[in-house]
Each structure stands twice: as C-alpha cells, then as structure tokens.
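**Q** Contents are JSON, C-alpha atoms and all ligand atoms; file name data26.json:
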[["chain", "number", "residue", "atom", "x", "y", "z"],
["A", 27, "MET", "CA", 113.48, 98.96, 79.39],
["A", 28, "THR", "CA", 110.98, 96.25, 80.15],
["A", 29, "ALA", "CA", 110.21, 95.64, 83.78],
["A", 30, "ARG", "CA", 111.00, 92.45, 85.61],
["A", 31, "ILE", "CA", 107.93, 90.84, 87.14],
["A", 32, "LEU", "CA", 107.67, 90.68, 90.92],
["A", 33, "ASP", "CA", 105.94, 87.32, 91.31],
["A", 34, "GLY", "CA", 103.67, 87.26, 94.37],
["A", 35, "ASN", "CA", 102.71, 83.62, 93.82],
["A", 36, "ALA", "CA", 106.33, 82.43, 93.97],
["A", 37, "LEU", "CA", 107.18, 84.51, 97.05],
["A", 38, "SER", "CA", 103.94, 83.40, 98.73],
["A", 39, "ALA", "CA", 104.72, 79.75, 98.07],
["A", 40, "LYS", "CA", 108.13, 80.13, 99.73],
["A", 41, "LEU", "CA", 106.78, 82.02, 102.75],
["A", 42, "ARG", "CA", 103.77, 79.72, 103.15],
["A", 43, "GLY", "CA", 106.12, 76.73, 103.22],
["A", 44, "GLU", "CA", 107.99, 78.35, 106.12],
["A", 45, "LEU", "CA", 104.71, 79.19, 107.88],
["A", 46, "ALA", "CA", 103.44, 75.63, 107.49],
["A", 47, "ALA", "CA", 106.61, 74.35, 109.17],
["A", 48, "ARG", "CA", 106.17, 76.81, 112.04],
["A", 49, "ALA", "CA", 102.47, 75.92, 112.35],
["A", 50, "ALA", "CA", 103.39, 72.22, 112.53],
["A", 51, "THR", "CA", 105.88, 72.90, 115.33],
["A", 52, "LEU", "CA", 103.29, 74.87, 117.29],
["A", 53, "THR", "CA", 100.69, 72.16, 116.72],
["A", 54, "ALA", "CA", 103.14, 69.57, 118.06],
["A", 55, "GLN", "CA", 103.48, 71.77, 121.15],
["A", 56, "GLY", "CA", 99.70, 71.64, 121.58],
["A", 57, "VAL", "CA", 98.92, 75.06, 120.11],
["A", 58, "GLN", "CA", 97.51, 74.66, 116.61],
["A", 59, "PRO", "CA", 97.20, 78.15, 115.12],
["A", 60, "CYS", "CA", 93.52, 78.97, 114.61],
["A", 61, "LEU", "CA", 91.87, 81.77, 112.65],
["A", 62, "ALA", "CA", 88.18, 82.66, 112.93],
["A", 63, "VAL", "CA", 86.68, 84.39, 109.90],
["A", 64, "ILE", "CA", 83.36, 86.21, 109.97],
["A", 65, "LEU", "CA", 81.55, 86.96, 106.72],
["A", 66, "VAL", "CA", 78.36, 89.04, 106.70],
["A", 67, "GLY", "CA", 76.18, 89.34, 103.61],
["A", 68, "GLY", "CA", 76.49, 88.07, 100.08],
["A", 69, "ASP", "CA", 79.11, 90.32, 98.46],
["A", 70, "PRO", "CA", 80.60, 87.98, 95.83],
["A", 71, "ALA", "CA", 84.12, 89.43, 96.04],
["A", 72, "SER", "CA", 84.14, 89.08, 99.84],
["A", 73, "ALA", "CA", 82.97, 85.47, 99.52],
["A", 74, "VAL", "CA", 85.90, 84.72, 97.19],
["A", 75, "TYR", "CA", 88.41, 86.42, 99.52],
["A", 76, "VAL", "CA", 87.09, 84.48, 102.53],
["A", 77, "ARG", "CA", 87.18, 81.21, 100.61],
["A", 78, "ASN", "CA", 90.81, 81.87, 99.66],
["A", 79, "LYS", "CA", 91.71, 82.77, 103.25],
["A", 80, "VAL", "CA", 90.15, 79.57, 104.60],
["A", 81, "ALA", "CA", 91.85, 77.48, 101.87],
["A", 82, "GLY", "CA", 95.19, 79.18, 102.65],
["A", 83, "CYS", "CA", 94.81, 78.24, 106.31],
["A", 84, "GLU", "CA", 94.05, 74.63, 105.54],
["A", 85, "LYS", "CA", 97.07, 74.23, 103.28],
["A", 86, "ALA", "CA", 99.37, 75.68, 105.94],
["A", 87, "GLY", "CA", 98.03, 73.49, 108.75],
["A", 88, "ILE", "CA", 96.20, 76.39, 110.39],
["A", 89, "LYS", "CA", 92.76, 75.64, 111.74],
["A", 90, "SER", "CA", 90.03, 77.91, 110.44],
["A", 91, "LEU", "CA", 86.53, 78.60, 111.73],
["A", 92, "LYS", "CA", 84.08, 80.28, 109.38],
["A", 93, "TYR", "CA", 80.96, 82.12, 110.57],
["A", 94, "GLU", "CA", 78.52, 83.34, 107.95],
["A", 95, "TYR", "CA", 75.68, 85.80, 108.54],
["A", 96, "PRO", "CA", 72.97, 87.05, 106.19],
["A", 97, "GLN", "CA", 72.93, 90.60, 104.77],
["A", 98, "ASP", "CA", 70.25, 91.63, 107.32],
["A", 99, "ALA", "CA", 72.12, 90.18, 110.33],
["A", 100, "ALA", "CA", 71.71, 91.97, 113.65],
["A", 101, "PRO", "CA", 74.97, 93.66, 114.70],
["A", 102, "ALA", "CA", 74.42, 92.34, 118.25],
["A", 103, "ASP", "CA", 74.66, 88.76, 116.96],
["A", 104, "VAL", "CA", 77.99, 89.40, 115.27],
["A", 105, "LEU", "CA", 79.31, 91.32, 118.30],
["A", 106, "GLY", "CA", 78.23, 88.39, 120.51],
["A", 107, "ARG", "CA", 80.19, 86.02, 118.27],
["A", 108, "ILE", "CA", 83.27, 88.24, 118.48],
["A", 109, "ALA", "CA", 83.02, 88.32, 122.29],
["A", 110, "ALA", "CA", 82.86, 84.51, 122.39],
["A", 111, "LEU", "CA", 85.87, 84.20, 120.06],
["A", 112, "ASN", "CA", 87.81, 86.76, 122.13],
["A", 113, "ALA", "CA", 87.22, 84.57, 125.19],
["A", 114, "ASP", "CA", 88.18, 81.30, 123.47],
["A", 115, "PRO", "CA", 91.86, 80.51, 124.20],
["A", 116, "ALA", "CA", 92.03, 78.13, 121.22],
["A", 117, "VAL", "CA", 91.39, 81.01, 118.78],
["A", 118, "HIS", "CA", 94.45, 83.12, 117.89],
["A", 119, "GLY", "CA", 93.11, 85.36, 115.16],
["A", 120, "ILE", "CA", 89.73, 86.95, 114.41],
["A", 121, "LEU", "CA", 88.93, 88.55, 111.07],
["A", 122, "VAL", "CA", 85.71, 90.28, 110.05],
["A", 123, "GLN", "CA", 85.60, 90.59, 106.28],
["A", 124, "LEU", "CA", 84.91, 94.14, 105.13],
["A", 125, "PRO", "CA", 82.80, 95.83, 103.89],
["A", 126, "LEU", "CA", 79.92, 95.22, 106.31],
["A", 127, "PRO", "CA", 76.24, 95.92, 105.50],
["A", 128, "PRO", "CA", 75.00, 99.45, 106.31],
["A", 129, "GLN", "CA", 73.33, 98.59, 109.65],
["A", 130, "PHE", "CA", 76.81, 97.91, 111.08],
["A", 131, "ASP", "CA", 79.10, 100.47, 112.69],
["A", 132, "GLU", "CA", 82.30, 99.16, 111.13],
["A", 133, "LYS", "CA", 84.55, 100.95, 113.59],
["A", 134, "ALA", "CA", 82.68, 99.51, 116.57],
["A", 135, "VAL", "CA", 82.98, 96.00, 115.14],
["A", 136, "LEU", "CA", 86.72, 96.33, 114.58],
["A", 137, "GLU", "CA", 87.21, 97.76, 118.08],
["A", 138, "ALA", "CA", 85.32, 94.79, 119.54],
["A", 139, "ILE", "CA", 88.04, 92.40, 118.38],
["A", 140, "SER", "CA", 90.66, 91.70, 121.05],
["A", 141, "VAL", "CA", 93.88, 93.61, 120.23],
["A", 142, "GLU", "CA", 95.83, 90.36, 120.75],
["A", 143, "LYS", "CA", 93.71, 88.55, 118.11],
["A", 144, "ASP", "CA", 93.39, 91.40, 115.60],
["A", 145, "VAL", "CA", 95.34, 89.68, 112.82],
["A", 146, "ASP", "CA", 94.05, 92.21, 110.25],
["A", 147, "GLY", "CA", 95.73, 95.00, 112.26],
["A", 148, "PHE", "CA", 92.64, 97.22, 111.93],
["A", 149, "HIS", "CA", 91.98, 97.85, 115.65],
["A", 150, "ALA", "CA", 92.73, 101.48, 116.56],
["A", 151, "GLU", "CA", 95.22, 100.33, 119.20],
["A", 152, "ASN", "CA", 97.20, 98.30, 116.66],
["A", 153, "VAL", "CA", 97.09, 101.22, 114.21],
["A", 154, "GLY", "CA", 98.40, 103.53, 116.93],
["A", 155, "ARG", "CA", 101.09, 101.07, 117.95],
["A", 156, "LEU", "CA", 102.20, 100.72, 114.33],
["A", 157, "SER", "CA", 102.36, 104.50, 113.91],
["A", 158, "GLN", "CA", 104.61, 104.73, 116.96],
["A", 159, "GLY", "CA", 106.91, 101.93, 115.87],
["A", 160, "GLN", "CA", 105.71, 99.61, 118.64],
["A", 161, "ASP", "CA", 105.16, 95.88, 118.25],
["A", 162, "ALA", "CA", 101.77, 95.49, 116.51],
["A", 163, "PHE", "CA", 99.85, 93.38, 114.04],
["A", 164, "VAL", "CA", 100.60, 94.97, 110.67],
["A", 165, "PRO", "CA", 97.73, 95.12, 108.12],
["A", 166, "CYS", "CA", 98.19, 92.28, 105.67],
["A", 167, "THR", "CA", 98.25, 94.01, 102.28],
["A", 168, "PRO", "CA", 100.86, 96.69, 103.07],
["A", 169, "ASN", "CA", 102.85, 94.14, 105.06],
["A", 170, "GLY", "CA", 102.82, 91.90, 101.98],
["A", 171, "VAL", "CA", 104.06, 94.79, 99.85],
["A", 172, "MET", "CA", 106.94, 95.37, 102.28],
["A", 173, "GLU", "CA", 107.85, 91.66, 102.05],
["A", 174, "MET", "CA", 107.86, 91.91, 98.25],
["A", 175, "LEU", "CA", 110.17, 94.95, 98.35],
["A", 176, "LYS", "CA", 112.42, 93.14, 100.85],
["A", 177, "SER", "CA", 112.59, 90.03, 98.66],
["A", 178, "GLU", "CA", 114.02, 92.16, 95.84],
["A", 179, "ASN", "CA", 116.30, 94.22, 98.12],
["A", 180, "VAL", "CA", 114.62, 97.40, 96.88],
["A", 181, "PRO", "CA", 116.44, 100.29, 98.59],
["A", 182, "LEU", "CA", 113.96, 102.16, 100.76],
["A", 183, "ARG", "CA", 116.10, 104.51, 102.80],
["A", 184, "GLY", "CA", 116.01, 107.90, 101.09],
["A", 185, "ALA", "CA", 113.81, 106.61, 98.26],
["A", 186, "GLU", "CA", 110.93, 108.68, 96.95],
["A", 187, "ALA", "CA", 107.78, 106.63, 97.53],
["A", 188, "VAL", "CA", 104.35, 107.66, 96.29],
["A", 189, "VAL", "CA", 101.22, 105.92, 97.51],
["A", 190, "ILE", "CA", 97.99, 106.54, 95.60],
["A", 191, "GLY", "CA", 95.09, 105.96, 97.99],
["A", 192, "ARG", "CA", 94.56, 106.86, 101.64],
["A", 193, "SER", "CA", 92.39, 103.99, 102.90],
["A", 194, "ASN", "CA", 92.74, 102.62, 106.42],
["A", 195, "ILE", "CA", 93.31, 99.14, 104.97],
["A", 196, "VAL", "CA", 96.10, 99.96, 102.52],
["A", 197, "GLY", "CA", 97.13, 103.58, 101.86],
["A", 198, "LYS", "CA", 97.61, 104.86, 105.40],
["A", 199, "PRO", "CA", 99.44, 101.84, 106.85],
["A", 200, "MET", "CA", 101.49, 101.57, 103.62],
["A", 201, "ALA", "CA", 102.66, 105.15, 104.13],
["A", 202, "MET", "CA", 103.53, 104.41, 107.76],
["A", 203, "LEU", "CA", 105.59, 101.34, 106.88],
["A", 204, "LEU", "CA", 107.48, 103.06, 104.07],
["A", 205, "THR", "CA", 108.16, 106.05, 106.30],
["A", 206, "ALA", "CA", 109.46, 103.79, 109.07],
["A", 207, "ALA", "CA", 111.76, 102.17, 106.50],
["A", 208, "GLY", "CA", 113.31, 105.54, 105.65],
["A", 209, "ALA", "CA", 111.48, 106.44, 102.44],
["A", 210, "THR", "CA", 110.22, 109.95, 101.73],
["A", 211, "VAL", "CA", 106.53, 109.28, 101.30],
["A", 212, "THR", "CA", 103.86, 111.23, 99.44],
["A", 213, "VAL", "CA", 100.25, 110.10, 99.81],
["A", 214, "CYS", "CA", 98.05, 111.04, 96.84],
["A", 215, "HIS", "CA", 94.28, 110.74, 96.72],
["A", 216, "SER", "CA", 91.16, 111.87, 94.88],
["A", 217, "ALA", "CA", 91.76, 115.55, 95.76],
["A", 218, "THR", "CA", 95.40, 115.56, 94.67],
["A", 219, "ARG", "CA", 96.17, 118.20, 92.04],
["A", 220, "ASP", "CA", 98.37, 117.03, 89.15],
["A", 221, "LEU", "CA", 98.71, 113.42, 90.23],
["A", 222, "ALA", "CA", 101.20, 112.65, 87.45],
["A", 223, "PHE", "CA", 103.58, 115.33, 88.80],
["A", 224, "HIS", "CA", 103.89, 113.25, 91.97],
["A", 225, "THR", "CA", 103.88, 109.78, 90.42],
["A", 226, "ARG", "CA", 106.63, 110.68, 87.93],
["A", 227, "ARG", "CA", 108.94, 111.45, 90.85],
["A", 228, "ALA", "CA", 108.42, 108.07, 92.50],
["A", 229, "ASP", "CA", 111.19, 105.49, 92.81],
["A", 230, "ILE", "CA", 108.51, 103.29, 94.37],
["A", 231, "LEU", "CA", 104.90, 103.75, 93.27],
["A", 232, "VAL", "CA", 102.09, 101.97, 95.11],
["A", 233, "ALA", "CA", 98.67, 102.12, 93.45],
["A", 234, "ALA", "CA", 95.72, 101.42, 95.74],
["A", 235, "VAL", "CA", 92.89, 103.40, 94.20],
["A", 236, "GLY", "CA", 90.39, 100.77, 93.10],
["A", 237, "ARG", "CA", 90.14, 102.10, 89.54],
["A", 238, "PRO", "CA", 90.99, 99.77, 86.66],
["A", 239, "ARG", "CA", 94.16, 100.62, 84.69],
["A", 240, "PHE", "CA", 94.24, 104.09, 86.27],
["A", 241, "VAL", "CA", 98.02, 104.48, 86.34],
["A", 242, "THR", "CA", 99.46, 104.60, 82.83],
["A", 243, "GLY", "CA", 103.03, 104.34, 81.58],
["A", 244, "ASP", "CA", 103.38, 108.10, 81.06],
["A", 245, "MET", "CA", 102.84, 108.58, 84.83],
["A", 246, "ILE", "CA", 105.79, 106.37, 85.77],
["A", 247, "LYS", "CA", 109.45, 107.27, 86.23],
["A", 248, "PRO", "CA", 111.66, 105.05, 84.04],
["A", 249, "GLY", "CA", 113.03, 102.18, 86.13],
["A", 250, "ALA", "CA", 110.57, 102.68, 89.02],
["A", 251, "VAL", "CA", 109.26, 99.87, 91.21],
["A", 252, "VAL", "CA", 105.51, 99.71, 90.56],
["A", 253, "ILE", "CA", 103.31, 97.90, 93.06],
["A", 254, "ASP", "CA", 99.72, 97.33, 91.97],
["A", 255, "VAL", "CA", 97.35, 96.70, 94.87],
["A", 256, "GLY", "CA", 94.17, 96.95, 92.78],
["A", 257, "ILE", "CA", 91.94, 94.01, 91.97],
["A", 258, "ASN", "CA", 89.22, 95.16, 89.59],
["A", 259, "ARG", "CA", 86.87, 93.18, 87.41],
["A", 260, "LEU", "CA", 86.46, 94.76, 83.99],
["A", 261, "THR", "CA", 82.81, 95.20, 83.04],
["A", 262, "ASP", "CA", 83.11, 96.19, 79.40],
["A", 263, "GLY", "CA", 85.43, 96.28, 76.43],
["A", 264, "PRO", "CA", 87.28, 93.33, 74.90],
["A", 265, "ASP", "CA", 88.57, 92.17, 78.32],
["A", 266, "ALA", "CA", 85.14, 92.20, 80.05],
["A", 267, "GLY", "CA", 85.04, 89.71, 82.92],
["A", 268, "LYS", "CA", 88.82, 89.69, 83.36],
["A", 269, "LEU", "CA", 90.65, 90.88, 86.47],
["A", 270, "CYS", "CA", 92.95, 93.85, 86.21],
["A", 271, "GLY", "CA", 94.87, 96.09, 88.54],
["A", 272, "ASP", "CA", 94.96, 99.83, 89.14],
["A", 273, "VAL", "CA", 97.96, 99.99, 86.81],
["A", 274, "ASP", "CA", 97.69, 99.74, 83.04],
["A", 275, "PHE", "CA", 100.19, 96.90, 82.78],
["A", 276, "ALA", "CA", 100.62, 97.12, 79.00],
["A", 277, "SER", "CA", 101.85, 100.73, 79.06],
["A", 278, "ALA", "CA", 103.56, 100.55, 82.48],
["A", 279, "ALA", "CA", 105.72, 97.46, 82.02],
["A", 280, "PRO", "CA", 107.92, 98.96, 79.25],
["A", 281, "VAL", "CA", 108.72, 101.93, 81.55],
["A", 282, "ALA", "CA", 109.03, 100.41, 85.03],
["A", 283, "GLY", "CA", 112.03, 98.51, 86.36],
["A", 284, "LEU", "CA", 110.05, 96.07, 88.48],
["A", 285, "ILE", "CA", 106.28, 95.56, 88.47],
["A", 286, "THR", "CA", 103.70, 93.37, 90.17],
["A", 287, "PRO", "CA", 101.14, 91.66, 87.92],
["A", 288, "VAL", "CA", 97.40, 91.30, 88.60],
["A", 289, "PRO", "CA", 96.50, 88.60, 89.32],
["A", 290, "GLY", "CA", 99.53, 86.92, 90.91],
["A", 291, "GLY", "CA", 101.15, 89.96, 92.53],
["A", 292, "VAL", "CA", 100.08, 91.55, 95.80],
["A", 293, "GLY", "CA", 96.86, 89.47, 96.11],
["A", 294, "PRO", "CA", 98.42, 86.19, 97.25],
["A", 295, "MET", "CA", 100.78, 88.10, 99.57],
["A", 296, "THR", "CA", 97.82, 89.57, 101.49],
["A", 297, "ILE", "CA", 96.64, 86.12, 102.47],
["A", 298, "THR", "CA", 100.19, 84.98, 103.21],
["A", 299, "MET", "CA", 100.62, 87.82, 105.70],
["A", 300, "LEU", "CA", 97.28, 86.96, 107.31],
["A", 301, "LEU", "CA", 98.57, 83.42, 107.85],
["A", 302, "ALA", "CA", 101.84, 84.89, 109.19],
["A", 303, "ASN", "CA", 99.97, 87.08, 111.69],
["A", 304, "THR", "CA", 97.88, 84.11, 112.85],
["A", 305, "VAL", "CA", 100.97, 81.94, 113.35],
["A", 306, "GLN", "CA", 102.69, 84.84, 115.15],
["A", 307, "SER", "CA", 99.69, 85.19, 117.48],
["A", 308, "ALA", "CA", 99.68, 81.45, 118.23],
["A", 309, "GLY", "CA", 103.43, 81.62, 118.85],
["A", 310, "ARG", "CA", 102.88, 84.29, 121.50],
["A", 311, "VAL", "CA", 100.31, 82.06, 123.22],
["A", 312, "ALA", "CA", 102.69, 79.08, 123.08],
["A", 313, "ARG", "CA", 105.52, 81.12, 124.61],
["A", 314, "LYS", "CA", 103.27, 82.24, 127.47],
["A", 315, "GLY", "CA", 102.49, 78.55, 128.10],
["B", 401, "LIG", "N1", 88.26, 93.80, 102.70],
["B", 401, "LIG", "C1", 89.16, 94.14, 101.76],
["B", 401, "LIG", "N2", 90.41, 93.85, 102.18],
["B", 401, "LIG", "C2", 90.28, 93.33, 103.42],
["B", 401, "LIG", "C3", 91.22, 92.84, 104.37],
["B", 401, "LIG", "O1", 92.44, 92.84, 104.18],
["B", 401, "LIG", "N3", 90.67, 92.37, 105.53],
["B", 401, "LIG", "C4", 89.35, 92.38, 105.78],
["B", 401, "LIG", "N4", 88.92, 91.92, 106.95],
["B", 401, "LIG", "N5", 88.46, 92.83, 104.92],
["B", 401, "LIG", "C5", 88.93, 93.30, 103.74]]
Could you rewrite the structure in this file as structure tokens?
Ligand code: GUN
**A**
Amino acid sequence: MTARILDGNALSAKLRGELAARAATLTAQGVQPCLAVILVGGDPASAVYVRNKVAGCEKAGIKSLKYEYPQDAAPADVLGRIAALNADPAVHGILVQLPLPPQFDEKAVLEAISVEKDVDGFHAENVGRLSQGQDAFVPCTPNGVMEMLKSENVPLRGAEAVVIGRSNIVGKPMAMLLTAAGATVTVCHSATRDLAFHTRRADILVAAVGRPRFVTGDMIKPGAVVIDVGINRLTDGPDAGKLCGDVDFASAAPVAGLITPVPGGVGPMTITMLLANTVQSAGRVARKG
C-alpha cells in the first residue's frame, strides 16, 4: 500500500478563501478583523513563522499589526504593549510568538492576554474551557489537524489514536480534541517505554516530537493515518538545509493509508486556523454591536 497524501496547502487554500469572504463581510459591517503579533528576539524560525502569519492575514483581508522587540527587551515593555492591545477595541486577536527569551516568564505573558483575544488558545482559561468542552479558542496546530481529519472523513469515534509529544502547544490539546471526538487516545513522550508498541496500534498517529525523521515505517500500522506536525531543518547528510518532519516519509508512506507531507501538510493549516480564530473573534465583536 502506498499512502494517499493529505495536502495541507490545498485544504488551506479552500478554507482561506472562505475566511476571506467572511472577513470581507465583517469589514463591510465596520469590523475589519485585526490580529496583533508580538515577536521578541531574533530566532530565525520565529521570524519566518511571524512573516507567514502576517502575509496570511494580508491575503485574507485581515489587518495585522506587528510589534518587534530585541532579544534583551524588558518584560514590562511587552506586558505594557499587551495591556494596550487588550484595551483596543479594534484589535480582535493577540499573539505572542514563542519561545520568548529567558528573562520572560512565558506563563505570565500568556496569562496577560485577554481571554477574548487569545487566538492562540494558550491562556489557562481557554485551555481549561477546552478541556471541559466549553466554547474556547482552540490552539491552531491541533485544530488544523482536526480539520484535516474532518476533510478526509477519518472515523474518530472508537479509533485508536496515539499522539507522540505532550507539549502545551500541540500534544496536550491534540489529545483533548481527539478524546472529545471519541477516539481512545494514548499520549507518548520521552519517558515512554517501547514507543513502537504504542505507535503500531494506532489507527491515527500524530507525531509532534521535534526530532527529524523519528517515526519510521516499521513503527506504523498498515493503513494508518499519519499526521506529521514536525518542522525540522536537517543540519547534515545529503539533505542538509532541507526541511523534514518528525516522520521518515520515505519509509512511512509505503505503510500508511494517508499521510501529511512536510512541508505542505500541517504547517499551512496552523496559520489557517489562526486566521479562523481571528475572524471568529471579530465576528463575536460584530454580533455584540
Ligand atoms: N511557537 C511555535 N508554535 C507556535 C504557535 O502556534 N503560536 C505561538 N504564539 N508561538 C509558537
């Protein structure tokens, strides 16, 4: 069997078209969706992500505001900016790109963002609401994965789902969403004994470990849906400089039933869901008048 490719670029293009139409309607009603993005320090990967987020906004007719701070920025300055953006009724979403430099208390920064503007879904209140099945902003990457599974009508109820990685950004919310959808979810991580024992049982396998080509074909159940959240830049070998996922595509694709590529899989969906959350937030403001 050779897996079908789950194309995140194609699904993103379709969803972004719908979001652009919704954004245009809101703008015509006097509420142009607006996302504020804060970038601290010079991490090159973060700079690329922020650039792509801002470009995604522009293409969808969403206004974006970008605030850049140096690596040695004072946390009070960034917190002051967040307070001002919280108070600005024209701003519907606030995103602080992670990771932050070491002088920052990341948790305190995320908690400073208004729950109503937390389009990343990282505020503890949104995390709690999500865990209880209440209306909440859903973190963009796992939300994008759920949209990909939905687009392919992947059966989730009763499915065995294995998530590798327990981060707050991906692994934990991914497990919550899959559980809510009726899957039986196992979360594996660096202390898991016999990882392959778990992964080989998975109807749906989500890899979010941050290690290049970590999941190999022999770890995958034939016909499984394999979702690769990793974005790693290879530093050596014949493919040095290239991007690759957490899944070894060459050995996994002949075994899996459906697989996301890197690049062009989950990556574009993350930004699409950020745009969706921003438009949703603006829609709430418009409805309140
Ligand atoms: N760093 C890595 N992924 C993300 C994300 O989804 N949002 C933010 N704010 N920072 C990140």
**Q** May I have the residues within 9 Å of A:Gln129 as a PyMOL selection string, using all atoms listed in the file and disregarding those fewer than 6 positions away in the same chain?
**A** chain A and resi 98-101
**Q** Can you work out which one of A:Ile88, A:Ala276, A:Ala209, A:Val196 has the shortest atom-to-atom distance to ligand LIG 401 (chain B), counting all atoms listed in the file?
**A**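 Using all atoms listed in the file, the shortest distance to ligand LIG 401 (chain B) belongs to A:Val196.
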**Q** Check the smallest atom-to-atom distance from each of A:Leu37, A:Ala187, A:Ala279, A:Val122 to A:Thr296 using all atoms listed in the file, then report the winner.
**A**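 Looking only at the distances to A:Thr296, the closest residue turns out to be A:Leu37.
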**Q** For ligand LIG 401 (chain B), collect every residue having any atom at a distance of at most 7 Å from a ligand atom (counting all atoms listed in the file); output as a ChimeraX atom specification.
**A** /A:72,121-125,146,165-167,195,296
**Q** Compute the distance from (82.2, 89.1, 112.3) to each atom, counting all atoms listed in the file, keep the residues with any atom at most 10 Å away, and return them as a PyMOL selection string; use the coordinates of the file.
**A** chain A and resi 62-66+92-95+101+103-108+111+120-124+126+135-136+138-139
**Q** Could the residues in this selection be saved with C-alpha atoms as an mmCIF file, keeping the file's coordinate frame?
**A**
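Result file follows (result03.cif):
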data_model
loop_
_atom_site.group_PDB
_atom_site.id
_atom_site.type_symbol
_atom_site.label_atom_id
_atom_site.label_comp_id
_atom_site.auth_asym_id
_atom_site.auth_seq_id
_atom_site.Cartn_x
_atom_site.Cartn_y
_atom_site.Cartn_z
ATOM 1 C CA ALA A 62 88.180 82.660 112.930
ATOM 2 C CA VAL A 63 86.680 84.390 109.900
ATOM 3 C CA ILE A 64 83.360 86.210 109.970
ATOM 4 C CA LEU A 65 81.550 86.960 106.720
ATOM 5 C CA VAL A 66 78.360 89.040 106.700
ATOM 6 C CA LYS A 92 84.080 80.280 109.380
ATOM 7 C CA TYR A 93 80.960 82.120 110.570
ATOM 8 C CA GLU A 94 78.520 83.340 107.950
ATOM 9 C CA TYR A 95 75.680 85.800 108.540
ATOM 10 C CA PRO A 101 74.970 93.660 114.700
ATOM 11 C CA ASP A 103 74.660 88.760 116.960
ATOM 12 C CA VAL A 104 77.990 89.400 115.270
ATOM 13 C CA LEU A 105 79.310 91.320 118.300
ATOM 14 C CA GLY A 106 78.230 88.390 120.510
ATOM 15 C CA ARG A 107 80.190 86.020 118.270
ATOM 16 C CA ILE A 108 83.270 88.240 118.480
ATOM 17 C CA LEU A 111 85.870 84.200 120.060
ATOM 18 C CA ILE A 120 89.730 86.950 114.410
ATOM 19 C CA LEU A 121 88.930 88.550 111.070
ATOM 20 C CA VAL A 122 85.710 90.280 110.050
ATOM 21 C CA GLN A 123 85.600 90.590 106.280
ATOM 22 C CA LEU A 124 84.910 94.140 105.130
ATOM 23 C CA LEU A 126 79.920 95.220 106.310
ATOM 24 C CA VAL A 135 82.980 96.000 115.140
ATOM 25 C CA LEU A 136 86.720 96.330 114.580
ATOM 26 C CA ALA A 138 85.320 94.790 119.540
ATOM 27 C CA ILE A 139 88.040 92.400 118.380
#
**Q** Tell me which protein, DNA and RNA residues are within 12 Å of A:Asn78, counting only C-alpha atoms, leaving out same-chain ones fewer than 2 positions away, and put them as an mmCIF file with C-alpha atoms, keeping the file's coordinate frame.
**A**
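Printed below is selection_6.cif as written:
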data_model
loop_
_atom_site.group_PDB
_atom_site.id
_atom_site.type_symbol
_atom_site.label_atom_id
_atom_site.label_comp_id
_atom_site.auth_asym_id
_atom_site.auth_seq_id
_atom_site.Cartn_x
_atom_site.Cartn_y
_atom_site.Cartn_z
ATOM 1 C CA VAL A 63 86.680 84.390 109.900
ATOM 2 C CA ALA A 71 84.120 89.430 96.040
ATOM 3 C CA SER A 72 84.140 89.080 99.840
ATOM 4 C CA ALA A 73 82.970 85.470 99.520
ATOM 5 C CA VAL A 74 85.900 84.720 97.190
ATOM 6 C CA TYR A 75 88.410 86.420 99.520
ATOM 7 C CA VAL A 76 87.090 84.480 102.530
ATOM 8 C CA VAL A 80 90.150 79.570 104.600
ATOM 9 C CA ALA A 81 91.850 77.480 101.870
ATOM 10 C CA GLY A 82 95.190 79.180 102.650
ATOM 11 C CA CYS A 83 94.810 78.240 106.310
ATOM 12 C CA GLU A 84 94.050 74.630 105.540
ATOM 13 C CA LYS A 85 97.070 74.230 103.280
ATOM 14 C CA SER A 90 90.030 77.910 110.440
ATOM 15 C CA LYS A 92 84.080 80.280 109.380
ATOM 16 C CA GLY A 293 96.860 89.470 96.110
ATOM 17 C CA PRO A 294 98.420 86.190 97.250
ATOM 18 C CA MET A 295 100.780 88.100 99.570
ATOM 19 C CA THR A 296 97.820 89.570 101.490
ATOM 20 C CA ILE A 297 96.640 86.120 102.470
ATOM 21 C CA THR A 298 100.190 84.980 103.210
ATOM 22 C CA LEU A 300 97.280 86.960 107.310
ATOM 23 C CA LEU A 301 98.570 83.420 107.850
#
**Q** Give me the residues near stretch 258-267 of chain A as a short mmCIF file (atom, residue, chain, number, x, y, z; two decimals) with C-alpha atoms, in the coordinates of the input, where near means some atom within 9 Å (using all atoms listed in the file) and where sequence neighbours in that chain fewer than 6 positions away do not count.
**A**
data_model
loop_
_atom_site.label_atom_id
_atom_site.label_comp_id
_atom_site.auth_asym_id
_atom_site.auth_seq_id
_atom_site.Cartn_x
_atom_site.Cartn_y
_atom_site.Cartn_z
CA GLY A 236 90.39 100.77 93.10
CA ARG A 237 90.14 102.10 89.54
CA PRO A 238 90.99 99.77 86.66
CA ARG A 239 94.16 100.62 84.69
#
**Q** Hey, can I get the axis-aligned box for stretch 280-284 of chain A? All listed atoms, 8 Å padding on each side, centre and edge lengths in Å to one decimal, as JSON.
**A**
{"center_x": 110.0, "center_y": 99.0, "center_z": 83.9, "size_x": 20.1, "size_y": 21.9, "size_z": 25.2}
**Q** Please provide the set of residues having any atom within 7 Å of A:Gly147, restricted to all atoms listed in the file, with same-chain residues fewer than 4 positions apart removed, written as an NGL selection string.
**A** :A and (152-153 or 163-165)
**Q** Under the rule that all atoms listed in the file are counted, which of A:Ala50, A:Gly291, A:Ala250, A:His118 is the nearest residue to A:Ala29?
**A** A:Ala250
**Q** Give me, please, the distance in Å between atom CA of A:Gly256 and atom CA of A:Ala234, quoted to one decimal.
**A**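 Computing the Euclidean distance for atom CA of A:Gly256 and atom CA of A:Ala234 yields 5.6 Å.
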**Q** Could you tell me how far atom CA of A:Pro96 lies from atom CA of A:Val235, in Å and to one decimal?
**A**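 These two atoms are separated by 28.4 Å.
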**Q** Rounded to one decimal in Å, what is the spacing between atom CA of A:Glu178 and atom CA of A:Gln158?
**A**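 So the answer is 26.3 Å.
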**Q** Select, from A:Thr218, A:Asn112, A:Gln160, A:Thr212, the residue with the minimum atom-to-atom distance to A:Glu142, counting all atoms listed in the file.
**A**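 For A:Glu142, the nearest of the candidates is A:Asn112.
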**Q** Contacts of A:Asn179 at 12 Å or less, counting only C-alpha atoms, minus same-chain residues fewer than 5 places along, as a PyMOL selection string?
**A** chain A and resi 32+172-174+251+284
**Q** Export C-alpha atoms of the chosen residues as a PDB file, in the coordinates of the input?
**A**
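New file result_35.pdb:
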ATOM      1  CA  LEU A  32     107.670  90.680  90.920  1.00  0.00           C
ATOM      2  CA  MET A 172     106.940  95.370 102.280  1.00  0.00           C
ATOM      3  CA  GLU A 173     107.850  91.660 102.050  1.00  0.00           C
ATOM      4  CA  MET A 174     107.860  91.910  98.250  1.00  0.00           C
ATOM      5  CA  VAL A 251     109.260  99.870  91.210  1.00  0.00           C
ATOM      6  CA  LEU A 284     110.050  96.070  88.480  1.00  0.00           C
TER       7      LEU A 284
END
